[in-house]
Protein chains: 2
Amino acid sequence: MITSHDVARLAGVSQPTVSRALNDSPKVSEATKQKVREAALALGYSPSAIGRALSTGRSTRIGLVVADLDNHFYSYVIAPMHDELGCMGYELVLVTESDKSGPTTERLVSLGLAGVVLATSTVDSILPARLLDRRMPFVYFNRTAASVEADSVVVDPLAGIEALAHAVAEAGHTRAAAIFGPRNTSTGEGREHAVRGAFEEVGITIAGKHVLHGPFDFATGHRGVHELLRRPDAPALLVCANDVVALGALNAAAELGIDVPGRTSIVGFDDLPTSGWALVRLSTVAYDLDGMSREAARLIVRRLEDGPDEPVRRVTFDTRWVPRATVGPPPG
Amino acid sequence: MITSHDVARLAGVSQPTVSRALNDSPKVSEATKQKVREAALALGYSPSAIGRALSTGRSTRIGLVVADLDNHFYSYVIAPMHDELGCMGYELVLVTESDKSGPTTERLVSLGLAGVVLATSTVDSILPARLLDRRMPFVYFNRTAASVEADSVVVDPLAGIEALAHAVAEAGHTRAAAIFGPRNTSTGEGREHAVRGAFEEVGITIAGKHVLHGPFDFATGHRGVHELLRRPDAPALLVCANDVVALGALNAAAELGIDVPGRTSIVGFDDLPTSGWALVRLSTVAYDLDGMSREAARLIVRRLEDGPDEPVRRVTFDTRWVPRATVGPPPG
DNA sequence: GTCGTCGATGCATACGCATACAGTGACGGC
DNA sequence: GCCGTCACTGTATGCGTATGCATCGACGAC
């Protein structure tokens, strides 16, 4: 491995001068800088991130904590976040929250992460509090935990869901079934609250027996269709916690020969690229997921560079209703 | 941050003893180990990966080099690879190959990566050679480069594609269009060769004007349908380089109102989970992508732990034909 | 000519861990 | 009783970088 000592020897200066020169310190003369840069280039030197991290006490590695990487949703988060971090000179490290939240905190600090994006925290998670204890900067992505204040990027579902409610009411729906997200997540709670409020407003009822709660995954949507839509009194409208759930529901409907939207209308939330496919055409509530992922990256980097005393930043993304082909009038 | 010195102080021993005890060295008495473990637990100590990496000269970070994270295909690679690496005590760092391959090599070494999985290398890439120069262990994933020998996991497309050829021939096809992958990738070349061979065997012709080459992405399939299938003499069968391309093609067909498989049959390669959706039902060539991703993780870790002198390992995954709903007889 | 000043550079050190080597004590052989 | 041996633990050091501090030379002011 080529070290700054090698560069120093070739350039005829000391190692610290190499360090200062390459970091563009004003204490080094332009002539020396040039000499050092040439030597570094000639040797193909690039500074060791390890050595630097140990010396400065901070790395350029950002952890993205997700619940399960299998989930389609995260694919669309990882790519832009990785890109945005890369532009700012940071790396992305994936971390999954293990079943026990205990070791996770230790791993986050011992991995030498500079900061963390929490894309998984439930409202009752102890992770935020422990990160605070350890003075590890973090950003809530799409969810928040009531107990600990921190920078966050969140979605305000209201506008999109109100538009959704008006659209389905106008189509003639009066009853709906729903697959909501987990009760212990802020997105699950927030969307459920928004849907219930908006539907009441337009006179659509959601009976208790037509409601299901479950994780934000494909299987939940799949199961939901089997449990909710095969009943004789099943509503002609199914509201899903997000697009991944809705995709599970759409596919289950296709398997069961349930005509969408002829017999049942299905709506989602997120507007994943997949939902726009001609084969899918899912009517859903959209927001700028790409921009949101990038914003999270910028927030954590700003927090790292500005220090912990800056006021907490909270960025909210608005939603809009995207009608496609999975909503129609109820049968009859 | 809690260091091994803190633990040492609490346990009443020296820092090196802490290091040895926690690494379960036989040179430390059981009583001392116990004492150290208790102190470490009490303080919530976990060793700094940075310090360890600097000291030992090797980290536990594995880089996964991909072309573009946007590509659906990689979602199904990242999750199992991350999981498998995690089980073996390693972390996954995502690296995208920048437009210039120059800085990439330097970044890989300076990031302090212990090893690299190359999921993107074209046959003419200089990356493998430079990694060899730098003595950075690596594994080819799904592709190889002719110039440099290294461990690899690859797919043998033959069995699956021969079965595919027989199936479509039996359905009555005699002419096919094809969207092949880039010519400078081993998978692109390999599959093209296999398809041409197998189709010739069963008497299906692929005219030059019905062939397109392009990157393994959605847009390529989309574009392919517009360019190949809207001609009056378009064949009733379209072979796609992989499933992502085929999904692009399927959606383009749906947009254009092209009946699949009524007017055109479409086949892919990879059998991504999406392809099995009831909404998609893509007929394709399958192999164990999940297992392959895990195998790549195991290979790179074994290479790290066994040293560079062990013989090169090459693991091949077989393919099989998975008929679904996108292949039918040609019209008329 | 001497001294202060300032710009540029080298020296010493620290970060957290692992490891070669030295040292300590107990114990047994003679 | 002396010394070698062995099991264990402490001391010293290195990994690659960054940084506080000392140093050194040049230049200007008096």
# chains A, B, ... in the order shown; residues from 1 in each chain; ligands from 1
call {"tool": "calpha_fit_and_write", "arguments": {"fixed": "chain B", "moving": "chain A", "output": "mmCIF file with C-alpha atoms, in the first residue's frame"}}
result
data_model
loop_
_atom_site.group_PDB
_atom_site.id
_atom_site.type_symbol
_atom_site.label_atom_id
_atom_site.label_comp_id
_atom_site.auth_asym_id
_atom_site.auth_seq_id
_atom_site.Cartn_x
_atom_site.Cartn_y
_atom_site.Cartn_z
ATOM 1 C CA MET A 1 -16.298 6.653 22.782
ATOM 2 C CA ILE A 2 -15.478 3.688 24.958
ATOM 3 C CA THR A 3 -12.102 2.155 24.180
ATOM 4 C CA SER A 4 -10.272 -0.944 25.208
ATOM 5 C CA HIS A 5 -8.334 1.239 27.643
ATOM 6 C CA ASP A 6 -11.513 2.009 29.542
ATOM 7 C CA VAL A 7 -12.283 -1.678 29.752
ATOM 8 C CA ALA A 8 -8.730 -2.389 30.842
ATOM 9 C CA ARG A 9 -8.946 0.156 33.638
ATOM 10 C CA LEU A 10 -12.220 -1.233 34.923
ATOM 11 C CA ALA A 11 -11.034 -4.821 34.714
ATOM 12 C CA GLY A 12 -7.718 -3.957 36.318
ATOM 13 C CA VAL A 13 -5.635 -5.295 33.437
ATOM 14 C CA SER A 14 -3.676 -3.790 30.557
ATOM 15 C CA GLN A 15 -5.148 -2.827 27.226
ATOM 16 C CA PRO A 16 -3.419 -5.599 25.268
ATOM 17 C CA THR A 17 -4.889 -8.116 27.680
ATOM 18 C CA VAL A 18 -8.333 -6.771 26.874
ATOM 19 C CA SER A 19 -7.635 -7.184 23.205
ATOM 20 C CA ARG A 20 -6.417 -10.733 23.680
ATOM 21 C CA ALA A 21 -9.209 -11.663 26.032
ATOM 22 C CA LEU A 22 -11.968 -10.464 23.746
ATOM 23 C CA ASN A 23 -10.375 -12.157 20.774
ATOM 24 C CA ASP A 24 -10.316 -15.340 22.796
ATOM 25 C CA SER A 25 -6.575 -15.758 22.685
ATOM 26 C CA PRO A 26 -5.309 -18.963 24.343
ATOM 27 C CA LYS A 27 -2.627 -16.919 26.085
ATOM 28 C CA VAL A 28 -5.112 -15.424 28.509
ATOM 29 C CA SER A 29 -6.405 -17.278 31.526
ATOM 30 C CA GLU A 30 -10.070 -18.110 31.716
ATOM 31 C CA ALA A 31 -10.488 -16.066 34.885
ATOM 32 C CA THR A 32 -9.094 -12.939 33.251
ATOM 33 C CA LYS A 33 -11.198 -13.444 30.166
ATOM 34 C CA GLN A 34 -14.281 -13.593 32.309
ATOM 35 C CA LYS A 35 -13.300 -10.448 34.169
ATOM 36 C CA VAL A 36 -12.655 -8.588 30.926
ATOM 37 C CA ARG A 37 -15.882 -9.747 29.349
ATOM 38 C CA GLU A 38 -17.827 -8.498 32.306
ATOM 39 C CA ALA A 39 -16.106 -5.126 32.248
ATOM 40 C CA ALA A 40 -16.731 -4.812 28.511
ATOM 41 C CA LEU A 41 -20.375 -5.649 28.956
ATOM 42 C CA ALA A 42 -20.754 -3.223 31.840
ATOM 43 C CA LEU A 43 -19.340 -0.373 29.780
ATOM 44 C CA GLY A 44 -21.152 -1.352 26.623
ATOM 45 C CA TYR A 45 -17.827 -1.603 24.871
ATOM 46 C CA SER A 46 -17.513 -2.742 21.302
ATOM 47 C CA PRO A 47 -14.168 -2.625 19.550
ATOM 48 C CA SER A 48 -13.589 0.067 16.968
ATOM 49 C CA ALA A 49 -13.544 -1.389 13.486
ATOM 50 C CA ILE A 50 -11.392 1.550 12.443
ATOM 51 C CA GLY A 51 -8.695 0.922 14.992
ATOM 52 C CA ARG A 52 -8.719 -2.754 14.284
ATOM 53 C CA ALA A 53 -8.497 -2.241 10.550
ATOM 54 C CA LEU A 54 -5.562 0.104 10.926
ATOM 55 C CA SER A 55 -3.769 -2.252 13.228
ATOM 56 C CA THR A 56 -4.317 -5.481 11.358
ATOM 57 C CA GLY A 57 -4.181 -3.988 7.910
ATOM 58 C CA ARG A 58 -7.421 -5.589 6.885
ATOM 59 C CA SER A 59 -10.995 -4.647 7.389
ATOM 60 C CA THR A 60 -14.226 -6.602 7.255
ATOM 61 C CA ARG A 61 -15.719 -4.460 4.561
ATOM 62 C CA ILE A 62 -16.609 -5.943 1.232
ATOM 63 C CA GLY A 63 -17.369 -3.712 -1.719
ATOM 64 C CA LEU A 64 -20.049 -4.609 -4.213
ATOM 65 C CA VAL A 65 -19.296 -2.858 -7.463
ATOM 66 C CA VAL A 66 -22.362 -2.398 -9.611
ATOM 67 C CA ALA A 67 -23.012 -0.519 -12.813
ATOM 68 C CA ASP A 68 -26.209 1.237 -11.839
ATOM 69 C CA LEU A 69 -28.085 0.801 -8.615
ATOM 70 C CA ASP A 70 -31.300 1.791 -10.337
ATOM 71 C CA ASN A 71 -31.340 -1.558 -12.041
ATOM 72 C CA HIS A 72 -33.899 -3.851 -10.561
ATOM 73 C CA PHE A 73 -31.648 -6.841 -10.948
ATOM 74 C CA TYR A 74 -29.251 -5.682 -8.256
ATOM 75 C CA SER A 75 -31.995 -5.415 -5.654
ATOM 76 C CA TYR A 76 -32.175 -9.161 -5.698
ATOM 77 C CA VAL A 77 -28.412 -9.461 -5.388
ATOM 78 C CA ILE A 78 -27.821 -6.971 -2.621
ATOM 79 C CA ALA A 79 -30.224 -8.418 -0.065
ATOM 80 C CA PRO A 80 -28.901 -11.993 0.077
ATOM 81 C CA MET A 81 -25.294 -10.924 -0.286
ATOM 82 C CA HIS A 82 -25.662 -8.451 2.564
ATOM 83 C CA ASP A 83 -27.300 -11.119 4.657
ATOM 84 C CA GLU A 84 -24.657 -13.746 3.962
ATOM 85 C CA LEU A 85 -21.803 -11.331 4.603
ATOM 86 C CA GLY A 86 -23.448 -10.205 7.807
ATOM 87 C CA CYS A 87 -23.573 -13.793 9.028
ATOM 88 C CA MET A 88 -19.832 -14.082 8.497
ATOM 89 C CA GLY A 89 -19.068 -10.815 10.264
ATOM 90 C CA TYR A 90 -18.524 -8.655 7.224
ATOM 91 C CA GLU A 91 -20.182 -5.475 6.010
ATOM 92 C CA LEU A 92 -21.368 -4.595 2.563
ATOM 93 C CA VAL A 93 -20.409 -1.305 0.977
ATOM 94 C CA LEU A 94 -21.977 -0.278 -2.295
ATOM 95 C CA VAL A 95 -19.744 1.157 -4.956
ATOM 96 C CA THR A 96 -20.856 2.306 -8.360
ATOM 97 C CA GLU A 97 -18.442 2.245 -11.217
ATOM 98 C CA SER A 98 -18.045 5.842 -12.222
ATOM 99 C CA ASP A 99 -17.891 6.810 -15.875
ATOM 100 C CA LYS A 100 -14.128 6.961 -15.675
ATOM 101 C CA SER A 101 -12.738 3.687 -14.445
ATOM 102 C CA GLY A 102 -9.599 5.478 -13.333
ATOM 103 C CA PRO A 103 -10.551 6.792 -9.915
ATOM 104 C CA THR A 104 -12.591 3.709 -9.122
ATOM 105 C CA THR A 105 -9.558 1.572 -8.381
ATOM 106 C CA GLU A 106 -8.043 4.160 -6.095
ATOM 107 C CA ARG A 107 -11.321 4.562 -4.288
ATOM 108 C CA LEU A 108 -11.619 0.846 -3.754
ATOM 109 C CA VAL A 109 -8.279 0.648 -1.997
ATOM 110 C CA SER A 110 -8.534 3.914 -0.130
ATOM 111 C CA LEU A 111 -11.974 3.018 1.171
ATOM 112 C CA GLY A 112 -10.230 0.344 3.156
ATOM 113 C CA LEU A 113 -12.142 -2.483 1.547
ATOM 114 C CA ALA A 114 -10.932 -5.973 2.305
ATOM 115 C CA GLY A 115 -12.252 -7.354 -0.929
ATOM 116 C CA VAL A 116 -14.554 -6.664 -3.798
ATOM 117 C CA VAL A 117 -17.345 -8.375 -5.680
ATOM 118 C CA LEU A 118 -17.367 -7.265 -9.296
ATOM 119 C CA ALA A 119 -20.909 -7.409 -10.555
ATOM 120 C CA THR A 120 -20.263 -5.089 -13.420
ATOM 121 C CA SER A 121 -17.024 -5.846 -15.161
ATOM 122 C CA THR A 122 -17.060 -5.893 -18.910
ATOM 123 C CA VAL A 123 -14.693 -8.281 -20.633
ATOM 124 C CA ASP A 124 -12.390 -5.437 -21.599
ATOM 125 C CA SER A 125 -12.427 -3.670 -18.237
ATOM 126 C CA ILE A 126 -9.086 -2.704 -16.757
ATOM 127 C CA LEU A 127 -10.491 -2.877 -13.244
ATOM 128 C CA PRO A 128 -9.556 -6.539 -12.604
ATOM 129 C CA ALA A 129 -5.990 -5.983 -13.711
ATOM 130 C CA ARG A 130 -5.614 -2.956 -11.491
ATOM 131 C CA LEU A 131 -7.116 -4.752 -8.536
ATOM 132 C CA LEU A 132 -4.576 -7.494 -9.099
ATOM 133 C CA ASP A 133 -1.794 -4.897 -9.113
ATOM 134 C CA ARG A 134 -3.026 -3.556 -5.820
ATOM 135 C CA ARG A 135 -3.373 -7.044 -4.383
ATOM 136 C CA MET A 136 -7.015 -6.426 -3.692
ATOM 137 C CA PRO A 137 -8.892 -9.735 -3.623
ATOM 138 C CA PHE A 138 -11.972 -9.846 -5.786
ATOM 139 C CA VAL A 139 -14.639 -12.156 -7.163
ATOM 140 C CA TYR A 140 -16.393 -11.983 -10.495
ATOM 141 C CA PHE A 141 -20.119 -12.031 -10.096
ATOM 142 C CA ASN A 142 -22.073 -13.265 -13.084
ATOM 143 C CA ARG A 143 -19.463 -11.934 -15.467
ATOM 144 C CA THR A 144 -15.818 -12.551 -16.082
ATOM 145 C CA ALA A 145 -13.038 -10.728 -17.804
ATOM 146 C CA ALA A 146 -10.871 -12.760 -20.115
ATOM 147 C CA SER A 147 -7.644 -11.082 -19.146
ATOM 148 C CA VAL A 148 -7.456 -11.821 -15.433
ATOM 149 C CA GLU A 149 -8.138 -15.064 -13.607
ATOM 150 C CA ALA A 150 -10.063 -14.878 -10.367
ATOM 151 C CA ASP A 151 -12.725 -16.604 -8.326
ATOM 152 C CA SER A 152 -16.087 -16.373 -9.999
ATOM 153 C CA VAL A 153 -19.715 -17.329 -9.805
ATOM 154 C CA VAL A 154 -21.312 -17.655 -13.175
ATOM 155 C CA VAL A 155 -24.424 -18.974 -14.830
ATOM 156 C CA ASP A 156 -24.349 -21.634 -17.506
ATOM 157 C CA PRO A 157 -27.220 -20.605 -19.751
ATOM 158 C CA LEU A 158 -27.114 -23.685 -21.947
ATOM 159 C CA ALA A 159 -29.611 -26.071 -20.359
ATOM 160 C CA GLY A 160 -32.253 -23.420 -19.844
ATOM 161 C CA ILE A 161 -31.881 -21.910 -23.260
ATOM 162 C CA GLU A 162 -31.963 -25.259 -25.035
ATOM 163 C CA ALA A 163 -35.182 -26.082 -23.230
ATOM 164 C CA LEU A 164 -36.495 -22.665 -24.174
ATOM 165 C CA ALA A 165 -35.611 -23.292 -27.814
ATOM 166 C CA HIS A 166 -37.414 -26.599 -27.851
ATOM 167 C CA ALA A 167 -40.461 -25.087 -26.184
ATOM 168 C CA VAL A 168 -40.856 -22.241 -28.650
ATOM 169 C CA ALA A 169 -40.116 -24.499 -31.618
ATOM 170 C CA GLU A 170 -42.773 -26.880 -30.416
ATOM 171 C CA ALA A 171 -45.170 -23.950 -30.162
ATOM 172 C CA GLY A 172 -44.579 -23.431 -33.862
ATOM 173 C CA HIS A 173 -42.133 -20.554 -34.014
ATOM 174 C CA THR A 174 -39.683 -20.468 -36.938
ATOM 175 C CA ARG A 175 -38.465 -16.898 -36.762
ATOM 176 C CA ALA A 176 -37.347 -14.829 -33.798
ATOM 177 C CA ALA A 177 -36.327 -11.299 -32.960
ATOM 178 C CA ALA A 178 -33.787 -10.734 -30.224
ATOM 179 C CA ILE A 179 -32.582 -8.028 -27.894
ATOM 180 C CA PHE A 180 -29.152 -9.159 -26.777
ATOM 181 C CA GLY A 181 -26.947 -7.677 -24.071
ATOM 182 C CA PRO A 182 -23.834 -5.602 -24.601
ATOM 183 C CA ARG A 183 -21.223 -7.343 -26.717
ATOM 184 C CA ASN A 184 -18.459 -6.499 -24.270
ATOM 185 C CA THR A 185 -19.936 -8.485 -21.379
ATOM 186 C CA SER A 186 -19.442 -12.176 -20.894
ATOM 187 C CA THR A 187 -23.107 -12.705 -20.053
ATOM 188 C CA GLY A 188 -24.222 -10.782 -23.105
ATOM 189 C CA GLU A 189 -21.934 -12.780 -25.338
ATOM 190 C CA GLY A 190 -22.605 -16.075 -23.614
ATOM 191 C CA ARG A 191 -26.361 -15.867 -23.820
ATOM 192 C CA GLU A 192 -26.307 -14.644 -27.399
ATOM 193 C CA HIS A 193 -24.102 -17.530 -28.368
ATOM 194 C CA ALA A 194 -26.316 -20.012 -26.533
ATOM 195 C CA VAL A 195 -29.494 -18.639 -28.075
ATOM 196 C CA ARG A 196 -28.089 -18.604 -31.612
ATOM 197 C CA GLY A 197 -26.797 -22.147 -31.237
ATOM 198 C CA ALA A 198 -29.933 -23.564 -29.687
ATOM 199 C CA PHE A 199 -32.249 -21.815 -32.128
ATOM 200 C CA GLU A 200 -30.267 -23.024 -35.114
ATOM 201 C CA GLU A 201 -30.510 -26.503 -33.684
ATOM 202 C CA VAL A 202 -34.321 -26.370 -33.675
ATOM 203 C CA GLY A 203 -34.609 -24.541 -36.960
ATOM 204 C CA ILE A 204 -35.489 -21.054 -35.796
ATOM 205 C CA THR A 205 -33.850 -18.243 -37.709
ATOM 206 C CA ILE A 206 -32.824 -14.884 -36.257
ATOM 207 C CA ALA A 207 -32.418 -12.406 -39.076
ATOM 208 C CA GLY A 208 -29.853 -9.659 -38.626
ATOM 209 C CA LYS A 209 -32.450 -6.957 -39.034
ATOM 210 C CA HIS A 210 -34.402 -8.399 -36.148
ATOM 211 C CA VAL A 211 -31.527 -8.154 -33.698
ATOM 212 C CA LEU A 212 -30.686 -5.356 -31.305
ATOM 213 C CA HIS A 213 -27.951 -4.962 -28.718
ATOM 214 C CA GLY A 214 -28.193 -2.779 -25.639
ATOM 215 C CA PRO A 215 -27.608 -2.464 -21.913
ATOM 216 C CA PHE A 216 -29.430 -4.788 -19.552
ATOM 217 C CA ASP A 217 -32.105 -2.293 -18.609
ATOM 218 C CA PHE A 218 -35.784 -1.532 -18.839
ATOM 219 C CA ALA A 219 -35.344 1.115 -21.508
ATOM 220 C CA THR A 220 -33.596 -1.320 -23.819
ATOM 221 C CA GLY A 221 -36.595 -3.622 -23.794
ATOM 222 C CA HIS A 222 -38.921 -0.725 -24.264
ATOM 223 C CA ARG A 223 -36.974 0.609 -27.194
ATOM 224 C CA GLY A 224 -36.556 -2.866 -28.630
ATOM 225 C CA VAL A 225 -40.277 -3.381 -28.966
ATOM 226 C CA HIS A 226 -40.678 -0.085 -30.742
ATOM 227 C CA GLU A 227 -37.846 -0.818 -33.128
ATOM 228 C CA LEU A 228 -38.322 -4.512 -33.742
ATOM 229 C CA LEU A 229 -41.988 -5.355 -33.330
ATOM 230 C CA ARG A 230 -43.673 -2.559 -35.183
ATOM 231 C CA ARG A 231 -42.258 -3.662 -38.523
ATOM 232 C CA PRO A 232 -44.638 -5.465 -40.877
ATOM 233 C CA ASP A 233 -42.372 -8.518 -41.046
ATOM 234 C CA ALA A 234 -41.772 -8.683 -37.295
ATOM 235 C CA PRO A 235 -41.310 -12.226 -35.930
ATOM 236 C CA ALA A 236 -43.863 -13.488 -33.446
ATOM 237 C CA LEU A 237 -41.180 -14.228 -30.861
ATOM 238 C CA LEU A 238 -38.922 -11.818 -28.997
ATOM 239 C CA VAL A 239 -35.985 -13.128 -26.994
ATOM 240 C CA CYS A 240 -34.679 -10.712 -24.381
ATOM 241 C CA ALA A 241 -31.236 -10.508 -22.821
ATOM 242 C CA ASN A 242 -32.671 -10.685 -19.345
ATOM 243 C CA ASP A 243 -35.848 -10.209 -17.348
ATOM 244 C CA VAL A 244 -35.430 -6.491 -16.811
ATOM 245 C CA VAL A 245 -35.208 -6.052 -20.574
ATOM 246 C CA ALA A 246 -38.165 -8.396 -21.025
ATOM 247 C CA LEU A 247 -40.199 -6.402 -18.514
ATOM 248 C CA GLY A 248 -39.469 -3.263 -20.498
ATOM 249 C CA ALA A 249 -40.597 -5.101 -23.625
ATOM 250 C CA LEU A 250 -43.755 -6.470 -21.993
ATOM 251 C CA ASN A 251 -44.747 -3.021 -20.831
ATOM 252 C CA ALA A 252 -44.037 -1.454 -24.185
ATOM 253 C CA ALA A 253 -46.149 -4.163 -25.788
ATOM 254 C CA ALA A 254 -48.956 -3.409 -23.375
ATOM 255 C CA GLU A 255 -48.721 0.276 -24.201
ATOM 256 C CA LEU A 256 -48.850 -0.406 -27.924
ATOM 257 C CA GLY A 257 -51.719 -2.849 -27.574
ATOM 258 C CA ILE A 258 -49.605 -5.731 -28.805
ATOM 259 C CA ASP A 259 -51.199 -8.924 -27.560
ATOM 260 C CA VAL A 260 -48.770 -11.131 -25.621
ATOM 261 C CA PRO A 261 -48.596 -14.017 -26.361
ATOM 262 C CA GLY A 262 -51.407 -13.762 -28.964
ATOM 263 C CA ARG A 263 -49.446 -11.791 -31.471
ATOM 264 C CA THR A 264 -45.974 -11.841 -29.938
ATOM 265 C CA SER A 265 -44.315 -14.204 -27.507
ATOM 266 C CA ILE A 266 -41.704 -12.726 -25.192
ATOM 267 C CA VAL A 267 -39.080 -14.551 -23.116
ATOM 268 C CA GLY A 268 -36.511 -13.364 -20.612
ATOM 269 C CA PHE A 269 -33.611 -14.609 -18.513
ATOM 270 C CA ASP A 270 -33.065 -14.505 -14.719
ATOM 271 C CA ASP A 271 -36.511 -15.277 -13.331
ATOM 272 C CA LEU A 272 -36.666 -12.307 -11.023
ATOM 273 C CA PRO A 273 -39.420 -12.510 -8.423
ATOM 274 C CA THR A 274 -41.283 -9.823 -10.358
ATOM 275 C CA SER A 275 -41.470 -12.122 -13.365
ATOM 276 C CA GLY A 276 -43.532 -14.581 -11.373
ATOM 277 C CA TRP A 277 -46.168 -12.021 -10.458
ATOM 278 C CA ALA A 278 -49.672 -12.908 -11.609
ATOM 279 C CA LEU A 279 -49.726 -9.582 -13.428
ATOM 280 C CA VAL A 280 -46.609 -10.480 -15.379
ATOM 281 C CA ARG A 281 -46.234 -14.252 -15.775
ATOM 282 C CA LEU A 282 -43.086 -13.924 -17.846
ATOM 283 C CA SER A 283 -41.779 -17.120 -19.400
ATOM 284 C CA THR A 284 -38.096 -17.117 -18.656
ATOM 285 C CA VAL A 285 -34.911 -19.005 -17.896
ATOM 286 C CA ALA A 286 -34.333 -19.437 -14.182
ATOM 287 C CA TYR A 287 -31.389 -20.061 -11.896
ATOM 288 C CA ASP A 288 -30.709 -19.589 -8.216
ATOM 289 C CA LEU A 289 -29.881 -15.890 -8.093
ATOM 290 C CA ASP A 290 -30.254 -15.780 -4.343
ATOM 291 C CA GLY A 291 -27.893 -18.706 -3.857
ATOM 292 C CA MET A 292 -25.515 -17.236 -6.364
ATOM 293 C CA SER A 293 -25.308 -13.954 -4.476
ATOM 294 C CA ARG A 294 -24.615 -15.829 -1.271
ATOM 295 C CA GLU A 295 -21.992 -17.942 -2.987
ATOM 296 C CA ALA A 296 -20.188 -14.817 -4.142
ATOM 297 C CA ALA A 297 -20.121 -13.605 -0.560
ATOM 298 C CA ARG A 298 -18.705 -16.906 0.623
ATOM 299 C CA LEU A 299 -16.087 -16.955 -2.123
ATOM 300 C CA ILE A 300 -14.704 -13.525 -1.330
ATOM 301 C CA VAL A 301 -14.586 -14.298 2.380
ATOM 302 C CA ARG A 302 -12.831 -17.604 1.787
ATOM 303 C CA ARG A 303 -10.354 -15.861 -0.448
ATOM 304 C CA LEU A 304 -9.655 -13.330 2.282
ATOM 305 C CA GLU A 305 -9.187 -15.965 4.904
ATOM 306 C CA ASP A 306 -7.302 -18.551 2.874
ATOM 307 C CA GLY A 307 -4.949 -16.144 1.158
ATOM 308 C CA PRO A 308 -4.153 -15.436 -2.476
ATOM 309 C CA ASP A 309 -2.296 -18.664 -3.169
ATOM 310 C CA GLU A 310 -5.249 -21.001 -3.000
ATOM 311 C CA PRO A 311 -6.350 -22.205 -6.430
ATOM 312 C CA VAL A 312 -8.989 -20.164 -8.219
ATOM 313 C CA ARG A 313 -12.530 -21.315 -7.576
ATOM 314 C CA ARG A 314 -15.232 -21.170 -10.186
ATOM 315 C CA VAL A 315 -18.819 -21.927 -9.216
ATOM 316 C CA THR A 316 -21.365 -22.459 -11.956
ATOM 317 C CA PHE A 317 -25.131 -22.315 -11.601
ATOM 318 C CA ASP A 318 -27.344 -24.257 -13.953
ATOM 319 C CA THR A 319 -30.422 -22.933 -15.631
ATOM 320 C CA ARG A 320 -33.867 -24.287 -16.358
ATOM 321 C CA TRP A 321 -36.738 -23.189 -18.522
ATOM 322 C CA VAL A 322 -39.749 -21.757 -16.698
ATOM 323 C CA PRO A 323 -42.756 -21.592 -19.001
ATOM 324 C CA ARG A 324 -45.435 -19.163 -17.928
ATOM 325 C CA ALA A 325 -47.899 -17.051 -19.858
ATOM 326 C CA THR A 326 -45.872 -15.036 -22.360
ATOM 327 C CA VAL A 327 -45.215 -17.779 -24.875
ATOM 328 C CA GLY A 328 -47.827 -19.117 -27.261
ATOM 329 C CA PRO A 329 -48.070 -20.261 -30.845
ATOM 330 C CA PRO A 330 -47.442 -17.683 -33.563
ATOM 331 C CA PRO A 331 -50.629 -16.121 -35.002
ATOM 332 C CA GLY A 332 -52.232 -17.765 -38.031
#
call {"tool": "closest_atom_pairs", "arguments": {"of": "chain C", "to": "chain B", "cutoff": "9 Å", "atoms": "only C-alpha atoms (C1' of nucleotides)", "output": "CSV"}}
result
residue,atom,partner,partner_atom,distance
C:DC15,C1',B:Gly51,CA,8.1
C:DG16,C1',B:Gly51,CA,4.4
C:DC17,C1',B:Arg52,CA,4.8
C:DA18,C1',B:Ser55,CA,5.8
C:DT19,C1',B:Pro16,CA,8.7
call {"tool": "write_last_selection", "arguments": {"atoms": "N, CA and C atoms (P, O5', C5', C4', C3', O3' and C1' of nucleotides)", "output": "short mmCIF file (atom, residue, chain, number, x, y, z; two decimals), in the first residue's frame"}}
result
data_model
loop_
_atom_site.label_atom_id
_atom_site.label_comp_id
_atom_site.auth_asym_id
_atom_site.auth_seq_id
_atom_site.Cartn_x
_atom_site.Cartn_y
_atom_site.Cartn_z
P DC C 15 -5.38 9.91 22.40
"O5'" DC C 15 -6.29 9.25 21.27
"C5'" DC C 15 -7.06 10.04 20.38
"C4'" DC C 15 -7.36 9.24 19.15
"C3'" DC C 15 -7.64 7.76 19.44
"O3'" DC C 15 -9.05 7.57 19.56
"C1'" DC C 15 -6.25 8.08 17.49
P DG C 16 -9.60 6.76 20.81
"O5'" DG C 16 -9.46 5.25 20.32
"C5'" DG C 16 -10.28 4.78 19.25
"C4'" DG C 16 -9.85 3.38 18.88
"C3'" DG C 16 -9.81 2.39 20.05
"O3'" DG C 16 -10.50 1.23 19.67
"C1'" DG C 16 -7.74 2.40 18.92
P DC C 17 -10.59 0.00 20.62
"O5'" DC C 17 -9.54 -0.98 19.96
"C5'" DC C 17 -9.79 -1.47 18.65
"C4'" DC C 17 -8.53 -2.05 18.08
"C3'" DC C 17 -8.06 -3.35 18.72
"O3'" DC C 17 -8.38 -4.41 17.82
"C1'" DC C 17 -6.25 -1.84 18.28
P DA C 18 -8.21 -5.90 18.30
"O5'" DA C 18 -6.71 -6.21 17.85
"C5'" DA C 18 -6.38 -6.15 16.48
"C4'" DA C 18 -4.90 -6.40 16.27
"C3'" DA C 18 -4.38 -7.72 16.80
"O3'" DA C 18 -3.50 -8.25 15.84
"C1'" DA C 18 -3.13 -5.95 17.73
P DT C 19 -3.07 -9.78 15.84
"O5'" DT C 19 -1.56 -9.73 16.28
"C5'" DT C 19 -0.65 -8.92 15.54
"C4'" DT C 19 0.66 -8.76 16.28
"C3'" DT C 19 1.13 -10.02 17.02
"O3'" DT C 19 2.53 -10.14 16.83
"C1'" DT C 19 1.15 -8.22 18.47
#
